[in-house]
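> Before I ask anything, let me first share the structure, which is written out below as structure tokens.
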Amino acid sequence: MTELSITVAGGFVGPSLEFVEGPLTLVVEENRIHSISRGLRGAYDMRGYIIMPPLANMHTHILDYVSPEVGWDLDIDSVVGEPYGLKYLVLSKAGSNLLNMVINEAVKSMLTSGVGYVAEFRELGVKNLQLGRARLKTHYVFGMPSKHERVSDEVGELVRYSDGIGISSPHYFTLEDLKTIFEVARSSGKLVHSHISETLETREERDLEKLLSVGKPDAVIHGVWLSPEELQLLKDLRVTLVLCVRSNLWFMSGLPKLRSIYELGVDVALGTDNLGWVKPDLWREAELLSLLARNLGVNDPVWVLRALTNANPVGVQNYVVEGGNANVLFVKYSGTPLERAHNKHLALVKRGGHELVAALMLDGRFRYVGDSLEKTLRESLRHYVG
């Protein structure tokens, strides 16, 4: 692919997500960002837009999207408890055609809202890892063991067809089986994520202690009931905590200790969790996190924006930076509240949404181009769409 140069109005660039006023010219060669510089040197004029890293949805369950709001009046264990929750009954009866359709629909929805990275827990073992085979390279699927004993019979196949292992709860497995999961995953260069302390019951049974006694995960999910001491341990071990605050509210699990998480400096990412009950809209997740944190005395929109774009759970440094991967989100700017905002980071967190997403580039190719782009510009960029 030939060099692509685009001039934009500005952007949130670098690891600090500093907002840089433009015009800026972004130059992409193959799948890398060659340069970001001030000036009007781009072959394509997109000065009505700004650039930022793609959003990163670091925990989601897509398959339960087959039956939205099923069991809406049941408690969390009755709905999603493995393996007897209502969700698993529904999934066992859903055919592969329906599940494939659901995956494609969910991924499309996330792309159009600016999500470039997805970490998905995939239920029911190896058989469902064959679904959605044409998925994006930035869509990471974590195979979940289909049984809770003698996992050595299955875990090798799980890592073969997935990007890692998703653990529903360490309490579902013996220490020996947890060791097997870590050993097989690590020997294959694969990731390990685990739900941790989503409910008070699992916290009181010391799920984090059990997990860490056999290995260090790449990320833990929820952490609602973790103590400050346990949060400090995550910080010290450099384990990312993926927050799913809308899911926690829906399932009435409680809310994580946001002030402690912030003050301790725990690495934080965001997820939308179960698509069957929570819309996969990461912008909503970020706004809610901002509001909850503000009510606890934490008023830091840059922290929220970092969480919104944090892909550390899948081992990716997600920044718009020279030499980095050409993964870039183009956001409408001219004539929007973002252009007039006194605090650009806060405005993006509070007012961001699919309606502001103009285009999404992954690996140097546009995977989504919205109708908001001028027709002539969409036409001229068609050679970079794929």
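Residue numbers start at 1 in each chain; chains themselves are named A, B, ... in the order of the structure tokens; ligands are numbered from 1 in the order shown.
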Write out as a count of residues only all residues of segment 96-331 of chain A that DSSP puts in strand (DSSP E or B) for this structure's backbone.
41
> Near Lys216 of chain A, within 12 Å and counting only C-alpha atoms, which residues show up once chain neighbours fewer than 3 positions away are dropped, as a list in words?
Leu178, Lys179, Ile181, Phe182, Glu183, Ala185, Arg186, Leu191, Val192, His193, Ser194, Leu208, Glu209, Lys210, Leu211, Leu212, Ser213, Ala219, Val220, Leu233, Leu234, Asp236, Leu237, Arg238, Val239 and Thr240 of chain A
> What separation in Å, quoted to one decimal, exists between atom CA of Asn274 of chain A and atom CA of His61 of chain A?
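One can read the atom CA of Asn274 of chain A to atom CA of His61 of chain A distance as 4.7 Å.
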> Hey, what's within 8 Å of Leu329 of chain A if we count only C-alpha atoms and toss same-chain stuff fewer than 6 positions away? As a VMD selection string, please?
chain A and resid 51 to 54 114 357 to 361
> Residues as selected, N, CA, C and O atoms, written as a CSV table (one decimal), in the first residue's frame, can you do that?

chain,number,residue,atom,x,y,z
A,51,ILE,N,-8.0,13.1,15.7
A,51,ILE,CA,-7.6,11.7,15.8
A,51,ILE,C,-7.3,11.4,17.3
A,51,ILE,O,-7.0,12.2,18.1
A,52,MET,N,-7.5,10.1,17.6
A,52,MET,CA,-7.3,9.5,18.9
A,52,MET,C,-7.1,8.0,18.8
A,52,MET,O,-7.3,7.4,17.7
A,53,PRO,N,-6.6,7.3,19.9
A,53,PRO,CA,-6.5,5.9,19.8
A,53,PRO,C,-7.9,5.3,19.7
A,53,PRO,O,-8.9,5.9,20.2
A,54,PRO,N,-8.1,4.1,19.1
A,54,PRO,CA,-9.4,3.4,19.1
A,54,PRO,C,-9.8,3.1,20.6
A,54,PRO,O,-8.9,3.0,21.4
A,114,GLY,N,-16.4,3.1,17.3
A,114,GLY,CA,-15.0,3.5,17.6
A,114,GLY,C,-14.2,2.5,18.3
A,114,GLY,O,-13.1,2.8,18.7
A,357,VAL,N,-18.3,9.4,15.7
A,357,VAL,CA,-17.3,8.5,15.1
A,357,VAL,C,-17.4,8.7,13.6
A,357,VAL,O,-18.4,8.3,13.0
A,358,ALA,N,-16.3,9.1,13.0
A,358,ALA,CA,-16.3,9.4,11.5
A,358,ALA,C,-15.7,8.2,10.8
A,358,ALA,O,-16.2,7.8,9.7
A,359,ALA,N,-14.6,7.6,11.3
A,359,ALA,CA,-13.9,6.5,10.6
A,359,ALA,C,-13.0,5.9,11.6
A,359,ALA,O,-12.5,6.5,12.6
A,360,LEU,N,-12.7,4.6,11.4
A,360,LEU,CA,-11.8,3.8,12.2
A,360,LEU,C,-10.8,3.1,11.3
A,360,LEU,O,-11.2,2.3,10.5
A,361,MET,N,-9.5,3.4,11.6
A,361,MET,CA,-8.4,2.7,10.9
A,361,MET,C,-7.8,1.7,11.8
A,361,MET,O,-7.4,2.0,12.9
> Distance atom CA of Thr112 of chain A-atom CA of Arg367 of chain A, one decimal place?
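Going from atom CA of Thr112 of chain A over to atom CA of Arg367 of chain A covers 9.1 Å.
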> Find the residue from A:Ser380, A:Ser146, A:Asn248, A:Asn57 that sits nearest to Tyr84 of chain A; use only C-alpha atoms when measuring.
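Between A:Ser380, A:Ser146, A:Asn248, A:Asn57, the residue approaching Tyr84 of chain A most closely is A:Ser146.
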> Set the distance at 9 Å and use only C-alpha atoms: which residues neighbour Val90 of chain A once local chain neighbours fewer than 3 positions away are removed? I'd like the list as a list in words.
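Those residues are Asp64, Val66, Ser67, Val70, Leu86, Lys87, Lys93 and Ala94 of chain A.
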> List the neighbours of Val102 of chain A out to 12 Å using only C-alpha atoms; skip same-chain residues closer than 5 positions along the sequence, and give me the result as a list in words.
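My reading of the contact set: His61, Ile62, Leu63, Asp64, Tyr65, Val66, Ser67, Pro68, Leu91, Ala94, Gly95, Ser96, Asn97, Val107, Lys108, Ser109, Leu131, Gly132, Leu275 and Gly276 of chain A.
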> Atom CA of Ser188 of chain A to atom CA of Val159 of chain A: how many Å, to one decimal?
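We find that atom CA of Ser188 of chain A and atom CA of Val159 of chain A lie 7.2 Å from each other.
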> Which residues, written as a PDB file with N, CA, C and O atoms, in the first residue's frame, have at least one atom at most 10 Å from Arg351 of chain A, with only C-alpha atoms counted and residues fewer than 5 positions away on the same chain left out?

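Dumped to out-v5.pdb:
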ATOM      1  N   TRP A 283     -18.637   4.171  25.267  1.00  0.00           N
ATOM      2  CA  TRP A 283     -18.761   5.589  25.605  1.00  0.00           C
ATOM      3  C   TRP A 283     -19.626   5.764  26.857  1.00  0.00           C
ATOM      4  O   TRP A 283     -19.324   6.593  27.724  1.00  0.00           O
ATOM      5  N   ARG A 284     -20.710   4.989  26.948  1.00  0.00           N
ATOM      6  CA  ARG A 284     -21.570   5.049  28.132  1.00  0.00           C
ATOM      7  C   ARG A 284     -20.794   4.612  29.377  1.00  0.00           C
ATOM      8  O   ARG A 284     -20.956   5.167  30.461  1.00  0.00           O
ATOM      9  N   GLU A 287     -18.500   7.509  30.474  1.00  0.00           N
ATOM     10  CA  GLU A 287     -19.216   8.615  31.102  1.00  0.00           C
ATOM     11  C   GLU A 287     -19.658   8.243  32.521  1.00  0.00           C
ATOM     12  O   GLU A 287     -19.523   9.050  33.451  1.00  0.00           O
ATOM     13  N   THR A 336     -18.892  20.804  16.391  1.00  0.00           N
ATOM     14  CA  THR A 336     -19.383  19.963  17.486  1.00  0.00           C
ATOM     15  C   THR A 336     -19.021  20.600  18.832  1.00  0.00           C
ATOM     16  O   THR A 336     -18.167  21.491  18.900  1.00  0.00           O
ATOM     17  N   PRO A 337     -19.617  20.116  19.928  1.00  0.00           N
ATOM     18  CA  PRO A 337     -19.239  20.629  21.256  1.00  0.00           C
ATOM     19  C   PRO A 337     -17.769  20.427  21.576  1.00  0.00           C
ATOM     20  O   PRO A 337     -17.199  21.180  22.371  1.00  0.00           O
ATOM     21  N   LEU A 338     -17.135  19.408  20.967  1.00  0.00           N
ATOM     22  CA  LEU A 338     -15.715  19.189  21.213  1.00  0.00           C
ATOM     23  C   LEU A 338     -14.890  20.402  20.799  1.00  0.00           C
ATOM     24  O   LEU A 338     -13.922  20.775  21.467  1.00  0.00           O
ATOM     25  N   HIS A 345     -10.603  16.735  27.006  1.00  0.00           N
ATOM     26  CA  HIS A 345     -10.679  15.370  27.527  1.00  0.00           C
ATOM     27  C   HIS A 345     -12.036  15.113  28.176  1.00  0.00           C
ATOM     28  O   HIS A 345     -12.671  14.077  27.938  1.00  0.00           O
ATOM     29  N   LEU A 346     -12.488  16.065  28.989  1.00  0.00           N
ATOM     30  CA  LEU A 346     -13.774  15.904  29.654  1.00  0.00           C
ATOM     31  C   LEU A 346     -14.915  15.879  28.642  1.00  0.00           C
ATOM     32  O   LEU A 346     -15.847  15.075  28.753  1.00  0.00           O
ATOM     33  N   LEU A 356     -20.360  10.719  16.841  1.00  0.00           N
ATOM     34  CA  LEU A 356     -19.149  11.497  16.586  1.00  0.00           C
ATOM     35  C   LEU A 356     -18.078  10.688  15.855  1.00  0.00           C
ATOM     36  O   LEU A 356     -17.069  11.237  15.411  1.00  0.00           O
TER      37      LEU A 356
END
> Residues of segment 218-260 of chain A within 8 Å of segment 200-207 of chain A: nearest atom pair and distance (Å, one decimal) for each, counting only C-alpha atoms, sorted by chain and number, as a tab-separated table?

residue	atom	partner	partner_atom	distance
A:Trp225	CA	A:Leu200	CA	6.0
A:Leu226	CA	A:Arg203	CA	7.0
A:Ser253	CA	A:Leu200	CA	7.7
> From segment 124-177 of chain A, collect each residue whose DSSP state is alpha helix (DSSP H) and return the set as a JSON list (two decimals) with N, CA and C atoms, in the first residue's frame.

[["chain", "number", "residue", "atom", "x", "y", "z"],
["A", 152, "SER", "N", -7.15, -30.55, 31.69],
["A", 152, "SER", "CA", -6.01, -30.86, 30.82],
["A", 152, "SER", "C", -6.46, -31.53, 29.53],
["A", 153, "ASP", "N", -7.63, -32.17, 29.57],
["A", 153, "ASP", "CA", -8.16, -32.83, 28.37],
["A", 153, "ASP", "C", -8.62, -31.81, 27.32],
["A", 154, "GLU", "N", -8.84, -30.57, 27.75],
["A", 154, "GLU", "CA", -9.44, -29.58, 26.85],
["A", 154, "GLU", "C", -8.59, -28.33, 26.64],
["A", 155, "VAL", "N", -7.80, -27.95, 27.64],
["A", 155, "VAL", "CA", -7.17, -26.64, 27.61],
["A", 155, "VAL", "C", -6.17, -26.49, 26.46],
["A", 156, "GLY", "N", -5.53, -27.59, 26.05],
["A", 156, "GLY", "CA", -4.62, -27.53, 24.92],
["A", 156, "GLY", "C", -5.32, -27.12, 23.64],
["A", 157, "GLU", "N", -6.51, -27.66, 23.43],
["A", 157, "GLU", "CA", -7.30, -27.29, 22.25],
["A", 157, "GLU", "C", -7.81, -25.86, 22.36],
["A", 158, "LEU", "N", -8.15, -25.44, 23.56],
["A", 158, "LEU", "CA", -8.62, -24.06, 23.74],
["A", 158, "LEU", "C", -7.57, -23.06, 23.33],
["A", 159, "VAL", "N", -6.34, -23.25, 23.77],
["A", 159, "VAL", "CA", -5.31, -22.28, 23.42],
["A", 159, "VAL", "C", -4.92, -22.37, 21.95],
["A", 160, "ARG", "N", -5.13, -23.53, 21.36],
["A", 160, "ARG", "CA", -4.81, -23.69, 19.93],
["A", 160, "ARG", "C", -5.70, -22.81, 19.07],
["A", 161, "TYR", "N", -6.97, -22.70, 19.45],
["A", 161, "TYR", "CA", -7.93, -21.99, 18.62],
["A", 161, "TYR", "C", -8.33, -20.62, 19.18],
["A", 175, "LEU", "N", -6.80, -26.34, 42.39],
["A", 175, "LEU", "CA", -5.51, -25.68, 42.22],
["A", 175, "LEU", "C", -4.71, -26.35, 41.11],
["A", 176, "GLU", "N", -4.80, -27.67, 41.02],
["A", 176, "GLU", "CA", -4.06, -28.38, 40.00],
["A", 176, "GLU", "C", -4.54, -28.00, 38.60],
["A", 177, "ASP", "N", -5.84, -27.88, 38.43],
["A", 177, "ASP", "CA", -6.36, -27.50, 37.11],
["A", 177, "ASP", "C", -6.03, -26.05, 36.78]]
> Could I get the residues of segment 272-374 of chain A with an atom no further than 12 Å from an atom of segment 120-126 of chain A, each paired with its nearest atom pair and that distance in Å to one decimal, using only C-alpha atoms, sorted by chain and residue number, as a Markdown table?

| residue | atom | partner | partner_atom | distance |
| --- | --- | --- | --- | --- |
| A:Thr272 | CA | A:Glu120 | CA | 10.1 |
| A:Asp273 | CA | A:Glu120 | CA | 8.7 |
| A:Asn274 | CA | A:Phe121 | CA | 9.5 |
| A:Leu275 | CA | A:Glu120 | CA | 10.6 |
| A:Pro280 | CA | A:Glu120 | CA | 11.7 |
| A:Pro313 | CA | A:Glu120 | CA | 11.4 |
| A:Val314 | CA | A:Glu120 | CA | 10.7 |
